[in-house]
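Peer 1: Supplied in structure tokens, the structure appears directly below.
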Amino acid sequence: MGLDITWKDASPGYEEQRVGRIFNKHRPDRFPAGILKASSIEDVVAGVALAKQKGLKLTVRSGGHSWPAWSLRDGALLIDLENLRELSLDDMTNIVTVSPSSTGRMINVDYLRERGRCFPGGHCPSVAVGGFLLQGGQGWNCRGWKWACEYIESMDVVVARHGQVEVVTASETVNSDLFWAARGAGLGFFGVVVRFRLKTIPLPKIMAKSILIFDASEYQETFEWFQQACLSFDFDVELVYLGLSRFRCLPESKGKPEDPLLVISATVWKEDQAEAEKALAVLQQCPKLEKALLNVPYAPTSFAEEYDLQERDNPPECRFFCNNAWIRGTPKEVADSLRRGFVELPTKDSYTLYYSQGPLRKLPDMAFDIQTEHYFATYLMSTDTTGGEDQLCRDWLAETFAAIDSKRGGPGGSPGQYLGDSDLKTRPAKFMSDEHWTKWKRIREKWDPERLFFGYGVHEKGEENRHLWELESRAKL
């Protein structure tokens with residue numbers, strides 16, 4: 001049988017193939033030349049060879065959850081991996097072998113749960129592991145369980161070099177330079193991963209959470225306290241501080257639906273309830289506890305329940321406008337810098353998030369290397385049909401991140417971003433150190449000398465691992 005390719009302007013159903021699997025309803029006007037639905041690794045190899053033959057650049061889609069839809073690039077051959085289906089656990093090594101289109105819910109709930117294992121995949125249930133792992137993988141309890149890409153034991157990759165297309169294995173000991181580049185390169189990776197072998201961990205017997213909700217007027221004191229308190233939690237606890245509307249978190253309470261509220265959430269994984277309750281008890285030390293609109297000291301939960309909540313909180317019918325920044329500074333400097341991000345939201349559906357990585361630990365040697373203890377991300381949502389909310393979200397993003405970027409990486413500013421929640425087209429920012437960027441380019445030259453893969457060149461200023469202010473300053477010279 002021939003390859004299943006839908007060509008632009010020549011095949012029926014092109015638009016459905018182009019955007020049908022794109023999670024974000026804010027779809028870009030970018031049009032691949034063709035879309036290959038691969039059903040086997042052999043199809044992927046043939047697709048890469050076809051792209052070389054036709055002089056087309058390549059993009060890859062695993063799950064379609066990339067906020068800016070990186071797989072959609074003008075004139076590309078897009079290889080869609082939806083139909084690659086592999087999911088198996090080696091009972092001796094506890095290594096799970098998965099295809100890139102496998103989602104966190106498929107792996108954790110549908111497969112590993114009954115086998116007593118788990119993997120820190122993406123929080124949103126429809127996030128496939130392909131792009132997620134290549135970007136670093138800020139998954140469940142990243143603070144304590146480490147970045148998800150650190151769980152990759154090895155991977156099989158289709159590459160094109162020296163005039164041929166082949167499948168190679170990459171790991172710490174085999175093709176280690178390719179393995180180094182894969183863990184953090186994201187959309188810049190220069191191969192098609194067709195199989196991951198992932199380490200798993202025992203599924204804890206207890207998963208529970210604690211929640212505090214405050215009025216936005218309590219922002220400064222609660223957020224400064226929370227940043228400091230995060231350092232005293234043990235590493236089995238995931239810690240987030242959220243800005244949400246009343247409509248989203250306390251819809252039946254008094255006040256306007258669009259009023260911003262503050263949510264402090266801690267999720268714990270332990271072997272018994274007493275340990276879990278003790279780990280969560282730190283939240284009850286909040287100095288503004290008596291001001292809480294809601295206080296839930298302990299509530300049992302599960303991966304299945306949390307995936308359902310994530311699905312509710314990130315509805316697929318919305319248009320998303322997202323961005324992020326690693327922030328550096330004291331608790332006060334961080335709180336001052338992010339104030340607008342939590343106490344002013346552009347739409348009632350939008351939310352913002354602070355994710356604690358503290359205390360920070362040293363990363364292994366891999367392409368991904370920019371992080372701080374303070375991660376800030378925005379998930380703005382538009383649901384109207386007039387475009388008015390779209391513009392509100394765009395303006396809010398531009399103003400909020402311009403204020404952060406004006407600090408030029410100093411106190412309250414940002415040294416870089418995480419590719420998983422980024423939009424390099426609207427806001428370029430560093431995602432690797434200069435040293436790692438130089439090494440990444442050297443490895444790309446070895447593995448993709450013909451530049452078959454599209455890479456990072458999505459901004460008008462070209463392919464750069466630079467902050468927007470650096471690019472603008474250079475343009476003025």
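Going through the structure tokens in order, the chains are called A, B, and so on, while each chain numbers its residues from 1 and the ligands are numbered from 1 in the order shown.
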Set out as a tab-separated table a contact list for region 24-95 of chain A and region 122-142 of chain A with a cut-off of 8 Å, giving each residue of region 24-95 of chain A that qualifies its closest atom pair and distance in Å to one decimal, counting only C-alpha atoms, ordered by chain and rising residue number.
Peer 2:
residue	atom	partner	partner_atom	distance
A:Arg61	CA	A:Gly131	CA	7.8
A:Ser62	CA	A:Gly130	CA	5.4
A:Gly63	CA	A:Ala128	CA	4.8
A:Gly64	CA	A:Val127	CA	7.8
A:His65	CA	A:Val127	CA	5.7
A:Ser66	CA	A:Gly131	CA	7.7
Peer 1: Determine, counting only C-alpha atoms, which protein, DNA and RNA residues have an atom within 6 Å of an atom of Met381 (chain A); residues of the same chain fewer than 5 positions away are not included. Present the result as a PyMOL selection string.
Peer 2: chain A and resi 318-320+349-350
Peer 1: One decimal, in Å: what's the spacing between CA of Lys348 (chain A) and CA of Glu258 (chain A)?
Peer 2: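 Separation between CA of Lys348 (chain A) and CA of Glu258 (chain A): 4.7 Å.
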Peer 1: What lies within 8 Å of region 423-439 of chain A using only C-alpha atoms, ignoring chain neighbours under 6 positions off, as a VMD selection string?
Peer 2: chain A and resid 67 to 68 322 to 323 367 to 370 415 to 417 458 to 460 465 to 468
Peer 1: Those same residues - N, CA and C atoms - I'd like them written as a CSV table (one decimal), in the first residue's frame.
Peer 2:
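File result07.csv, as written:
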chain,number,residue,atom,x,y,z
A,67,TRP,N,0.4,24.6,22.0
A,67,TRP,CA,-0.5,25.8,22.0
A,67,TRP,C,-0.3,26.6,20.7
A,68,PRO,N,0.9,26.8,20.2
A,68,PRO,CA,1.0,27.6,18.9
A,68,PRO,C,0.9,26.7,17.7
A,322,CYS,N,-1.2,31.6,25.2
A,322,CYS,CA,-0.4,31.2,26.3
A,322,CYS,C,1.1,31.8,26.2
A,323,ASN,N,1.7,31.9,27.4
A,323,ASN,CA,3.1,32.2,27.4
A,323,ASN,C,3.6,31.9,28.8
A,367,ALA,N,20.1,19.1,26.8
A,367,ALA,CA,19.8,20.4,26.2
A,367,ALA,C,19.1,21.4,27.1
A,368,PHE,N,18.0,20.8,27.7
A,368,PHE,CA,17.2,21.7,28.7
A,368,PHE,C,18.1,22.1,29.8
A,369,ASP,N,18.2,23.4,30.1
A,369,ASP,CA,19.1,23.8,31.2
A,369,ASP,C,18.7,25.1,31.8
A,370,ILE,N,17.6,25.8,31.4
A,370,ILE,CA,17.2,27.0,32.0
A,370,ILE,C,16.0,26.8,32.9
A,415,PRO,N,15.1,35.0,33.1
A,415,PRO,CA,16.3,34.6,32.4
A,415,PRO,C,16.0,33.7,31.2
A,416,GLY,N,14.7,33.3,31.1
A,416,GLY,CA,14.3,32.5,30.0
A,416,GLY,C,12.9,31.9,30.1
A,417,GLN,N,12.6,30.9,29.3
A,417,GLN,CA,11.3,30.3,29.2
A,417,GLN,C,11.4,28.8,29.0
A,458,VAL,N,10.4,30.6,13.6
A,458,VAL,CA,9.0,31.0,13.6
A,458,VAL,C,8.8,32.5,13.7
A,459,HIS,N,9.8,33.2,14.2
A,459,HIS,CA,9.7,34.6,14.4
A,459,HIS,C,10.3,35.3,13.2
A,460,GLU,N,9.8,36.5,12.9
A,460,GLU,CA,10.3,37.3,11.7
A,460,GLU,C,11.8,37.6,11.8
A,465,ASN,N,18.1,32.0,19.7
A,465,ASN,CA,17.9,31.7,21.1
A,465,ASN,C,18.2,33.0,21.9
A,466,ARG,N,17.3,33.9,21.7
A,466,ARG,CA,17.6,35.3,22.3
A,466,ARG,C,16.2,35.8,22.8
A,467,HIS,N,16.4,36.7,23.8
A,467,HIS,CA,15.2,37.4,24.3
A,467,HIS,C,14.8,38.5,23.2
A,468,LEU,N,13.5,38.9,23.3
A,468,LEU,CA,13.0,39.8,22.3
A,468,LEU,C,13.8,41.2,22.5
Peer 1: Can you list, as JSON, numbers by chain, all residues belonging to region 281-418 of chain A that DSSP tags as helix (DSSP H, G or I)?
Peer 2: {"A": [281, 282, 283, 284, 285, 289, 290, 291, 303, 304, 305, 306, 307, 308, 309, 310, 311, 312, 313, 331, 332, 333, 334, 335, 336, 337, 338, 339, 340, 341, 342, 343, 388, 389, 390, 391, 392, 393, 394, 395, 396, 397, 398, 399, 400, 401, 402, 403, 404, 405]}
Peer 1: At a cut-off of 7 Å, using only C-alpha atoms, what residues contact Pro204 (chain A)? Leave out same-chain residues fewer than 4 positions from it and give the result as number ranges by chain.
Peer 2: A: 269-271
Peer 1: Would you mind exporting N, CA and C atoms of the selected residues as a PDB file, in the first residue's frame?
Peer 2:
ATOM      1  N   TRP A 269       1.764  12.657  47.152  1.00  0.00           N
ATOM      2  CA  TRP A 269       1.776  11.220  46.879  1.00  0.00           C
ATOM      3  C   TRP A 269       2.529  10.532  48.015  1.00  0.00           C
ATOM      4  N   LYS A 270       1.870   9.642  48.745  1.00  0.00           N
ATOM      5  CA  LYS A 270       2.498   8.958  49.876  1.00  0.00           C
ATOM      6  C   LYS A 270       1.996   7.508  49.959  1.00  0.00           C
ATOM      7  N   GLU A 271       2.599   6.761  50.875  1.00  0.00           N
ATOM      8  CA  GLU A 271       2.220   5.363  51.064  1.00  0.00           C
ATOM      9  C   GLU A 271       1.123   5.181  52.108  1.00  0.00           C
TER      10      GLU A 271
END
Peer 1: Using Å and a single decimal, report how far CA of Trp447 (chain A) sits from CA of Val45 (chain A).
Peer 2: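 Atom-to-atom, CA of Val45 (chain A) to CA of Trp447 (chain A), that is 15.3 Å.
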Peer 1: Need to verify the contact set: Val19 (chain A), 9 Å, only C-alpha atoms, exclusion of same-chain residues closer than 6 positions in sequence. Can you return it as a ChimeraX atom specification?
Peer 2: /A:25,27,64,69,72
Peer 1: Take the residues from that selection and write them out as a PDB file, in the first residue's frame, keeping C-alpha atoms.
Peer 2:
ATOM      1  CA  LYS A  25      -9.117  26.414  18.568  1.00  0.00           C
ATOM      2  CA  ARG A  27      -5.622  28.003  14.679  1.00  0.00           C
ATOM      3  CA  GLY A  64      -1.554  18.257  18.554  1.00  0.00           C
ATOM      4  CA  ALA A  69       0.520  24.439  16.733  1.00  0.00           C
ATOM      5  CA  LEU A  72       1.755  23.602  11.045  1.00  0.00           C
TER       6      LEU A  72
END
Peer 1: Run DSSP on the backbone and give me the residues of region 303-392 of chain A it puts in strand (DSSP E), as a PyMOL selection string.
Peer 2: chain A and resi 319-327+351-356+374-382
Peer 1: Write out as a short mmCIF file (atom, residue, chain, number, x, y, z; two decimals) with N, CA and C atoms, in the first residue's frame the residues lying within 8 Å of Ala181 (chain A), counting only C-alpha atoms and excluding same-chain residues fewer than 4 positions away.
Peer 2:
data_model
loop_
_atom_site.label_atom_id
_atom_site.label_comp_id
_atom_site.auth_asym_id
_atom_site.auth_seq_id
_atom_site.Cartn_x
_atom_site.Cartn_y
_atom_site.Cartn_z
N ASP A 177 24.99 12.05 21.76
CA ASP A 177 24.80 13.45 21.40
C ASP A 177 23.38 13.71 20.92
N ALA A 185 15.16 20.10 23.23
CA ALA A 185 15.17 20.84 21.97
C ALA A 185 13.77 21.21 21.50
N PHE A 189 14.03 19.84 17.38
CA PHE A 189 14.68 18.54 17.25
C PHE A 189 14.72 18.11 15.79
N MET A 366 21.90 17.87 29.70
CA MET A 366 20.99 17.70 28.57
C MET A 366 20.71 19.08 28.00
N ALA A 367 20.09 19.12 26.82
CA ALA A 367 19.85 20.41 26.16
C ALA A 367 19.06 21.36 27.06
N TRP A 440 24.08 22.53 20.73
CA TRP A 440 22.92 22.03 19.97
C TRP A 440 23.13 22.24 18.48
N ILE A 443 25.56 19.71 17.09
CA ILE A 443 24.97 18.37 16.95
C ILE A 443 24.00 18.34 15.78
#
Peer 1: Would you pick out the contacts of Leu77 (chain A) at 7 Å or less, using only C-alpha atoms, so that residues sharing its chain but fewer than 3 positions from it are not included, and give the list as an mmCIF file with N, CA and C atoms, in the first residue's frame?
Peer 2:
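Dumped to selection.cif:
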data_model
loop_
_atom_site.group_PDB
_atom_site.id
_atom_site.type_symbol
_atom_site.label_atom_id
_atom_site.label_comp_id
_atom_site.auth_asym_id
_atom_site.auth_seq_id
_atom_site.Cartn_x
_atom_site.Cartn_y
_atom_site.Cartn_z
ATOM 1 N N PRO A 32 0.723 23.273 5.615
ATOM 2 C CA PRO A 32 1.684 22.299 5.095
ATOM 3 C C PRO A 32 1.359 21.920 3.654
ATOM 4 N N ALA A 33 2.381 21.551 2.913
ATOM 5 C CA ALA A 33 2.160 21.087 1.541
ATOM 6 C C ALA A 33 1.426 19.757 1.539
ATOM 7 N N GLY A 34 1.719 18.934 2.529
ATOM 8 C CA GLY A 34 1.064 17.642 2.629
ATOM 9 C C GLY A 34 1.104 17.120 4.049
ATOM 10 N N ILE A 35 0.174 16.211 4.360
ATOM 11 C CA ILE A 35 0.082 15.635 5.703
ATOM 12 C C ILE A 35 0.072 14.120 5.567
ATOM 13 N N ALA A 51 10.170 13.468 1.571
ATOM 14 C CA ALA A 51 10.445 14.890 1.785
ATOM 15 C C ALA A 51 11.795 15.273 1.193
ATOM 16 N N LEU A 56 11.112 19.077 0.410
ATOM 17 C CA LEU A 56 10.216 19.638 1.419
ATOM 18 C C LEU A 56 10.861 19.548 2.798
ATOM 19 N N LYS A 57 10.609 20.543 3.623
ATOM 20 C CA LYS A 57 11.026 20.453 5.013
ATOM 21 C C LYS A 57 9.990 19.660 5.805
ATOM 22 N N LEU A 58 10.418 19.160 6.966
ATOM 23 C CA LEU A 58 9.576 18.271 7.758
ATOM 24 C C LEU A 58 9.120 18.899 9.065
ATOM 25 N N THR A 59 7.896 18.585 9.457
ATOM 26 C CA THR A 59 7.408 18.829 10.814
ATOM 27 C C THR A 59 6.739 17.548 11.302
#
Peer 1: With distances taken over only C-alpha atoms, which residue among A:Arg73, A:Lys209, A:Arg248, A:Arg339 lies nearest Leu187 (chain A)?
Peer 2: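 The shortest atom-to-atom distance to Leu187 (chain A) comes from A:Arg73.
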Peer 1: Hey, can you check how far CA of Gln357 (chain A) sits from CA of Leu178 (chain A)?
Peer 2: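 Computing the Euclidean distance for CA of Gln357 (chain A) and CA of Leu178 (chain A) yields 26.9 Å.
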Peer 1: Could you check the closest approach to Arg451 (chain A) for each of A:Lys146, A:Arg340, A:Arg161, A:Arg246 and tell me which residue wins, using only C-alpha atoms?
Peer 2: A:Arg161
Peer 1: Pick out the closest residue to Ser473 (chain A) from this set: A:Arg408, A:Glu150, A:Pro316, A:Ala304. Count only C-alpha atoms.
Peer 2: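 Of A:Arg408, A:Glu150, A:Pro316, A:Ala304, the one nearest Ser473 (chain A) is A:Arg408, counting only C-alpha atoms.
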